[in-house]
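work.cif follows (mmCIF, C-alpha atoms):
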data_query
loop_
_atom_site.label_atom_id
_atom_site.label_comp_id
_atom_site.auth_asym_id
_atom_site.auth_seq_id
_atom_site.Cartn_x
_atom_site.Cartn_y
_atom_site.Cartn_z
CA MET A 158 75.00 139.83 111.59
CA ARG A 159 75.86 140.91 108.08
CA MET A 160 79.57 140.70 108.85
CA LYS A 161 79.15 137.13 110.11
CA LEU A 162 77.30 136.07 106.97
CA ILE A 163 79.99 137.56 104.78
CA SER A 164 82.75 135.83 106.75
CA LYS A 165 81.02 132.46 106.47
CA GLN A 166 80.48 132.65 102.74
CA PRO A 167 84.09 131.89 101.67
CA ILE A 168 84.21 128.89 104.00
CA SER A 169 81.08 127.33 102.51
CA LYS A 170 82.42 128.05 99.05
CA GLN A 171 85.65 126.28 99.88
CA ILE A 172 83.73 123.27 101.18
CA ILE A 173 81.80 123.06 97.91
CA ILE A 174 85.06 123.20 95.96
CA TYR A 175 86.61 120.49 98.14
CA TRP A 176 83.66 118.14 97.74
CA SER A 177 83.47 118.81 94.00
CA PHE A 178 86.99 117.36 93.75
CA LEU A 179 86.50 114.58 96.31
CA LEU A 180 83.12 113.19 95.23
CA PRO A 181 84.20 111.87 91.79
CA ASN A 182 87.15 110.07 93.39
CA LEU A 183 85.03 108.73 96.24
CA PHE A 184 82.43 107.52 93.79
CA GLY A 185 85.11 105.83 91.69
CA VAL A 186 86.62 104.06 94.71
CA LEU A 187 83.17 103.02 95.93
CA TYR A 188 81.91 101.78 92.58
CA PHE A 189 85.08 100.15 91.24
CA SER A 190 86.72 98.91 94.46
CA LEU A 191 84.60 98.74 97.61
CA ILE A 192 81.38 97.40 96.09
CA PRO A 193 83.20 94.68 94.05
CA MET A 194 85.14 93.71 97.18
CA MET A 195 81.92 93.30 99.13
CA GLN A 196 80.43 91.27 96.28
CA VAL A 197 83.45 88.95 96.29
CA LEU A 198 83.17 88.55 100.06
CA PHE A 199 79.47 87.70 99.76
CA ARG A 200 80.13 85.40 96.80
CA SER A 201 82.71 83.45 98.81
CA PHE A 202 79.87 82.05 100.94
CA GLN A 203 77.78 80.99 97.93
CA SER A 204 77.94 78.14 95.45
CA ALA A 205 79.25 78.82 91.96
CA ILE A 206 75.99 77.70 90.33
CA GLY A 207 72.68 79.01 91.61
CA GLY A 208 74.15 81.23 94.32
CA ARG A 209 73.14 78.84 97.10
CA TRP A 210 74.41 79.76 100.56
CA VAL A 211 77.07 77.25 101.61
CA GLY A 212 78.72 79.01 104.55
CA ILE A 213 82.43 78.33 104.95
CA GLN A 214 82.39 75.26 102.68
CA ASN A 215 84.21 77.15 99.92
CA TYR A 216 87.00 78.06 102.32
CA VAL A 217 87.30 74.45 103.49
CA THR A 218 87.45 73.24 99.88
CA VAL A 219 90.10 75.79 98.92
CA MET A 220 92.26 75.08 101.97
CA GLY A 221 92.25 71.38 101.13
CA ASN A 222 93.05 71.95 97.45
CA ALA A 223 96.54 70.71 96.53
CA ALA A 224 96.96 73.32 93.79
CA PHE A 225 96.10 76.12 96.21
CA GLN A 226 98.57 74.79 98.78
CA ARG A 227 101.33 74.66 96.18
CA ALA A 228 100.46 78.12 94.86
CA ILE A 229 100.33 79.75 98.30
CA ALA A 230 103.63 78.12 99.30
CA ASN A 231 105.36 79.27 96.10
CA THR A 232 103.92 82.78 96.42
CA GLY A 233 105.06 83.01 100.04
CA LYS A 234 108.53 81.79 99.10
CA PHE A 235 108.67 84.20 96.18
CA THR A 236 107.70 87.13 98.41
CA ALA A 237 110.14 86.15 101.16
CA VAL A 238 113.01 85.94 98.65
CA CYS A 239 112.25 88.91 96.41
CA ILE A 240 111.41 91.67 98.88
CA PRO A 241 114.65 91.51 100.94
CA LEU A 242 116.73 91.22 97.75
CA LEU A 243 114.93 94.14 96.13
CA ILE A 244 115.22 96.38 99.20
CA VAL A 245 118.90 95.67 99.85
CA ILE A 246 120.06 95.87 96.22
CA SER A 247 118.03 98.99 95.42
CA LEU A 248 119.18 100.77 98.59
CA ALA A 249 122.83 99.97 97.84
CA LEU A 250 122.47 101.27 94.28
CA ALA A 251 120.60 104.38 95.44
CA VAL A 252 123.28 105.28 98.00
CA LEU A 253 126.03 104.67 95.46
CA LEU A 254 124.36 106.75 92.75
CA TYR A 255 123.35 109.51 95.16
CA SER A 256 126.99 109.91 96.14
CA ILE A 257 127.72 110.66 92.45
CA PRO A 258 125.10 113.36 91.63
CA ALA A 259 125.94 113.73 87.94
CA VAL A 260 125.65 109.99 87.23
CA GLY A 261 122.57 109.53 89.44
CA SER A 262 120.55 112.28 87.74
CA ALA A 263 121.47 110.94 84.31
CA LEU A 264 120.46 107.37 85.12
CA ARG A 265 117.27 108.20 87.02
CA SER A 266 115.08 108.10 83.91
CA ILE A 267 116.85 105.00 82.58
CA PHE A 268 115.90 103.11 85.76
CA LEU A 269 112.23 103.52 84.89
CA MET A 270 112.59 101.94 81.43
CA PRO A 271 111.68 98.38 82.56
CA MET A 272 108.25 99.64 83.62
CA ALA A 273 107.64 100.98 80.12
CA VAL A 274 108.75 97.83 78.28
CA PRO A 275 105.74 95.69 77.24
CA ALA A 276 105.56 92.24 78.82
CA ALA A 277 105.49 90.61 75.38
CA SER A 278 108.87 92.17 74.56
CA VAL A 279 110.32 90.90 77.83
CA VAL A 280 109.05 87.42 77.02
CA LEU A 281 110.78 87.45 73.64
CA VAL A 282 114.07 88.26 75.37
CA TRP A 283 113.42 85.50 77.93
CA LYS A 284 112.80 82.93 75.23
CA ALA A 285 115.88 84.00 73.31
CA LEU A 286 118.03 83.69 76.41
CA PHE A 287 116.56 80.84 78.45
CA HIS A 288 115.08 78.47 75.87
CA LYS A 289 116.57 74.97 75.72
CA LYS A 290 118.22 76.05 72.48
CA GLY A 291 118.63 79.67 73.53
CA LEU A 292 121.68 81.89 73.71
CA ILE A 293 122.73 80.95 77.25
CA ASN A 294 122.59 77.21 76.60
CA GLY A 295 124.40 77.78 73.32
CA ALA A 296 127.19 79.57 75.16
CA LEU A 297 127.37 76.81 77.78
CA LEU A 298 127.63 74.13 75.11
CA ALA A 299 130.29 76.12 73.30
CA LEU A 300 132.33 76.23 76.51
CA GLY A 301 132.04 72.47 76.93
CA GLY A 302 129.26 72.52 79.50
CA SER A 303 125.78 71.03 79.39
CA GLY A 304 122.54 72.80 78.65
CA VAL A 305 120.02 73.64 81.37
CA ASP A 306 116.25 73.37 81.11
CA TRP A 307 115.75 76.82 82.61
CA MET A 308 111.96 76.96 82.44
CA GLY A 309 111.30 73.26 83.05
CA SER A 310 113.27 72.76 86.27
CA GLY A 311 113.76 74.36 89.65
CA ALA A 312 115.71 77.12 87.92
CA ALA A 313 112.36 78.50 86.68
CA PHE A 314 111.67 79.98 90.13
CA TRP A 315 114.91 81.96 90.02
CA MET A 316 114.14 83.15 86.50
CA LEU A 317 110.92 84.60 87.91
CA VAL A 318 112.86 86.22 90.75
CA ILE A 319 115.26 87.81 88.26
CA SER A 320 112.31 89.09 86.22
CA TYR A 321 110.72 90.66 89.31
CA LEU A 322 113.97 92.33 90.37
CA TRP A 323 114.66 93.62 86.87
CA LYS A 324 111.20 95.11 86.51
CA ASN A 325 110.93 96.69 89.98
CA LEU A 326 114.54 97.63 90.74
CA GLY A 327 114.53 100.87 88.77
CA TYR A 328 111.62 102.70 90.32
CA THR A 329 112.58 101.38 93.78
CA VAL A 330 116.00 103.00 93.36
CA VAL A 331 114.25 106.24 92.38
CA LEU A 332 112.11 106.09 95.54
CA TRP A 333 115.20 105.55 97.70
CA MET A 334 116.94 108.47 96.01
CA ALA A 335 113.93 110.68 96.70
CA GLY A 336 114.21 109.74 100.37
CA LEU A 337 117.95 110.45 100.36
CA ALA A 338 117.32 113.87 98.82
CA GLY A 339 115.12 114.74 101.82
CA ILE A 340 117.95 114.32 104.33
CA PRO A 341 119.55 117.73 105.10
CA GLU A 342 123.21 118.05 104.13
CA SER A 343 123.86 119.86 107.40
CA VAL A 344 123.29 116.60 109.28
CA TYR A 345 126.06 114.90 107.31
CA GLU A 346 128.35 117.87 107.77
CA ALA A 347 127.81 117.76 111.52
CA ALA A 348 128.60 114.04 111.54
CA GLN A 349 131.84 114.64 109.65
CA VAL A 350 132.84 117.32 112.14
CA ASP A 351 132.20 114.83 114.96
CA GLY A 352 134.52 112.34 113.26
CA ALA A 353 131.92 109.79 112.07
CA ASN A 354 133.08 107.47 109.31
CA ALA A 355 131.02 106.40 106.30
CA LEU A 356 129.56 103.30 107.96
CA GLN A 357 128.58 105.17 111.13
CA THR A 358 126.99 107.92 109.05
CA PHE A 359 124.98 105.37 107.07
CA LEU A 360 123.80 103.43 110.13
CA HIS A 361 123.00 106.35 112.42
CA ILE A 362 121.92 109.07 109.99
CA THR A 363 120.93 107.68 106.60
CA LEU A 364 118.93 104.62 107.69
CA PRO A 365 116.91 106.34 110.47
CA ASN A 366 115.94 109.14 108.08
CA LEU A 367 114.81 106.63 105.45
CA ARG A 368 112.25 104.89 107.66
CA GLY A 369 109.30 106.55 105.92
CA SER A 370 110.63 105.63 102.49
CA ALA A 371 111.41 102.11 103.68
CA TYR A 372 107.80 101.55 104.77
CA THR A 373 106.41 102.79 101.46
CA ILE A 374 108.87 100.71 99.44
CA THR A 375 108.22 97.58 101.50
CA VAL A 376 104.45 97.86 101.10
CA LEU A 377 104.69 98.51 97.35
CA SER A 378 107.12 95.61 96.93
CA LEU A 379 104.78 93.33 98.87
CA LEU A 380 101.81 94.27 96.70
CA ASN A 381 103.81 93.94 93.48
CA SER A 382 105.01 90.47 94.49
CA PHE A 383 101.38 89.31 94.21
CA LYS A 384 101.13 90.68 90.66
CA VAL A 385 103.81 88.61 88.95
CA PHE A 386 101.93 86.67 86.33
CA ARG A 387 102.12 87.96 82.78
CA GLU A 388 105.76 87.13 82.12
CA ALA A 389 105.54 83.64 83.62
CA TRP A 390 102.25 82.91 81.84
CA LEU A 391 103.50 84.09 78.44
CA VAL A 392 106.70 82.06 78.79
CA ALA A 393 105.38 78.83 80.33
CA GLY A 394 101.60 78.86 79.78
CA ASP A 395 98.79 77.94 82.17
CA TYR A 396 100.71 75.18 83.92
CA PRO A 397 104.38 76.17 84.31
CA HIS A 398 106.94 74.27 86.33
CA GLU A 399 105.60 73.68 89.83
CA SER A 400 108.31 75.89 91.37
CA MET A 401 106.84 78.97 89.66
CA TYR A 402 103.15 78.05 89.91
CA LEU A 403 101.82 81.10 91.80
CA LEU A 404 98.41 82.24 92.99
CA GLN A 405 97.87 84.17 89.77
CA HIS A 406 98.17 80.97 87.73
CA LEU A 407 95.67 79.29 90.04
CA TYR A 408 93.16 82.14 89.71
CA ASN A 409 93.52 82.13 85.93
CA ASN A 410 92.89 78.39 85.72
CA TRP A 411 89.92 78.52 88.09
CA PHE A 412 88.46 81.44 86.14
CA ARG A 413 88.70 79.47 82.92
CA GLU A 414 86.88 76.59 84.64
CA LEU A 415 84.23 79.00 86.06
CA ASP A 416 85.06 78.08 89.66
CA PHE A 417 83.99 81.50 90.92
CA ASP A 418 83.27 80.20 94.41
CA LYS A 419 86.86 79.01 94.83
CA ILE A 420 88.26 82.22 93.36
CA ALA A 421 86.18 84.34 95.75
CA ALA A 422 87.21 82.35 98.83
CA ALA A 423 90.89 82.29 97.85
CA SER A 424 90.83 86.02 97.06
CA VAL A 425 89.32 86.87 100.44
CA MET A 426 91.94 84.82 102.27
CA THR A 427 94.78 86.31 100.21
CA SER A 428 93.51 89.84 100.81
CA ALA A 429 93.22 89.16 104.52
CA VAL A 430 96.83 87.94 104.65
CA VAL A 431 98.05 91.04 102.77
CA PHE A 432 96.12 93.40 105.07
CA ILE A 433 97.49 91.62 108.14
CA LEU A 434 101.06 91.84 106.84
CA ILE A 435 100.65 95.55 106.08
CA GLY A 436 99.16 96.05 109.55
CA PHE A 437 102.16 94.34 111.16
CA LEU A 438 104.51 96.49 109.12
CA ARG A 439 102.66 99.65 110.16
CA LYS A 440 102.74 98.59 113.80
CA ALA A 441 106.45 97.75 113.60
CA TRP A 442 107.26 101.12 112.06
CA ASP A 443 105.11 103.00 114.60
CA GLY A 444 106.63 101.03 117.45
CA GLU A 445 110.10 102.30 116.56
CA ASP A 446 109.10 105.96 117.00
#
Show me the file's structure as C-alpha cells.
Amino acid sequence: MRMKLISKQPISKQIIIYWSFLLPNLFGVLYFSLIPMMQVLFRSFQSAIGGRWVGIQNYVTVMGNAAFQRAIANTGKFTAVCIPLLIVISLALAVLLYSIPAVGSALRSIFLMPMAVPAASVVLVWKALFHKKGLINGALLALGGSGVDWMGSGAAFWMLVISYLWKNLGYTVVLWMAGLAGIPESVYEAAQVDGANALQTFLHITLPNLRGSAYTITVLSLLNSFKVFREAWLVAGDYPHESMYLLQHLYNNWFRELDFDKIAAASVMTSAVVFILIGFLRKAWDGED
C-alpha cells in the first residue's frame, strides 16, 4: 500500500503543475473571449436602447442595410483577391529564397519589418506616393501622362490590396520557409536519383509536404483579411471610396452612432461565415489524407 501511495504522488504533483499553468490561460480566454462572445450573441437579439428582446429583427435590419451589403461584398471581393495572391507570391518567393540558403537566411528578418512599421508611418508613405499631387502623379505628369485619383476612384481597392500584400507577405514567406525546412533532404536526393526534374519535384514532393503549412497560412490569411482597417481609415477617413468600404468601416461608423444592436448582429453573422469557411478548409484538408 505504501508503495502505491508513493507511486501516485508524482502523478498528482504533475497534475497540479499542469493546471497551475493552464488555469490562468483558461481564465483569460473565458473572461476576455468566450464571455464577451456570448454577450454579443445575446445582445444581437436585443434593441440598442433598453435591451428589449426583438428576436431576429436586428438580423433582418442588417441584411437589408445597403451599407452592410456594400461592405460585405467588398470584403468578400478583397478576401477572394488577396488570399490567392498572397499564397502564390509568398510560396514562389519562399521556394526561390530557400534554394539560395545564404540569401534566404539573411533576408528572413527583413521580411518581418512591415509588421513592425507603425500604421501611421505607412500612411505617410501612402499619402506621399498616391496623393493627387503625390510622387507617382508627379512622375506621370512629367512623362506626359495624366494624373490618377488613386484614393478617390476604383484604384483605391487595389491600393488596399497592395497594402495587405506588403504587410503580410514577409511573415507568410517565413512560414513557408519553415515548412520547407521540415522536408528531409533525402527525399529530394531520391527524386534526383529517379530522374525527376525541378517541376516534378515541386509538384510531387514539395507541395504535398507543405499541406500542413498551407492550411495554417490560409487560415491566418483569411483572418487577417478581416482586419484591414487602420491604413484605409487613416488615409481616406470614415467614408472612403465605395470600392474600399469594408466591414471594419461599417462597424466603426455604427459604433460612433451607438448602433450596438446592428454591430452585434453583423458581428455574429461575420463570425459564423468565418467559422464555416475555416470548417470547410479543415474538411478539405482532412479529405485529402
- request: Please write as a list in words the full residue list that the PyMOL selection byres ((chain A and resi 216) around 8) yields on this file.
  value: Ser201, Ile213, Gln214, Asn215, Val217, Thr218, Val219, Met220, Lys419, Ala422 and Ala423 of chain A
Pull C-alpha atoms from the residues just selected and write them as an mmCIF file, in the frame of the given file.
data_model
loop_
_atom_site.group_PDB
_atom_site.id
_atom_site.type_symbol
_atom_site.label_atom_id
_atom_site.label_comp_id
_atom_site.auth_asym_id
_atom_site.auth_seq_id
_atom_site.Cartn_x
_atom_site.Cartn_y
_atom_site.Cartn_z
ATOM 1 C CA SER A 201 82.710 83.450 98.810
ATOM 2 C CA ILE A 213 82.430 78.330 104.950
ATOM 3 C CA GLN A 214 82.390 75.260 102.680
ATOM 4 C CA ASN A 215 84.210 77.150 99.920
ATOM 5 C CA VAL A 217 87.300 74.450 103.490
ATOM 6 C CA THR A 218 87.450 73.240 99.880
ATOM 7 C CA VAL A 219 90.100 75.790 98.920
ATOM 8 C CA MET A 220 92.260 75.080 101.970
ATOM 9 C CA LYS A 419 86.860 79.010 94.830
ATOM 10 C CA ALA A 422 87.210 82.350 98.830
ATOM 11 C CA ALA A 423 90.890 82.290 97.850
#
message: Can you tell me which residues surround Ala335 of chain A at a distance of at most 10 Å, considering all atoms listed in the file, apart from same-chain residues fewer than 4 positions away, and format the answer as a ChimeraX atom specification?
response: /A:251,255,329-331,339-340,367,370
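With atom CA of Arg439 of chain A on one side and atom CA of Thr375 of chain A on the other, the separation reads 10.5 Å.
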Box for segment 339-357 of chain A: with edges along x, y and z, all listed atoms inside and 5 Å added on each side, what are the centre and edge lengths in Å to one decimal, as AutoDock Vina command-line options?
--center_x 124.8 --center_y 111.6 --center_z 108.4 --size_x 29.4 --size_y 26.6 --size_z 23.1
message: To one decimal place in Å, what is the distance between atom CA of Val305 of chain A and atom CA of Lys289 of chain A?
response: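 So the two atoms, atom CA of Val305 of chain A and atom CA of Lys289 of chain A, lie 6.8 Å apart.
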field: Nearest candidate to Ser428 of chain A (options A:Ser320, A:Tyr345, A:Glu399, A:Leu380; using only C-alpha atoms)
entry: A:Leu380
field: Answer key for the PyMOL selection byres ((chain A and resi 323-328) around 10), residues as an NGL selection string
entry: :A and (242-244 or 246-248 or 250-251 or 264-274 or 276 or 279 or 317-322 or 329-334 or 374 or 377-378 or 381-382)
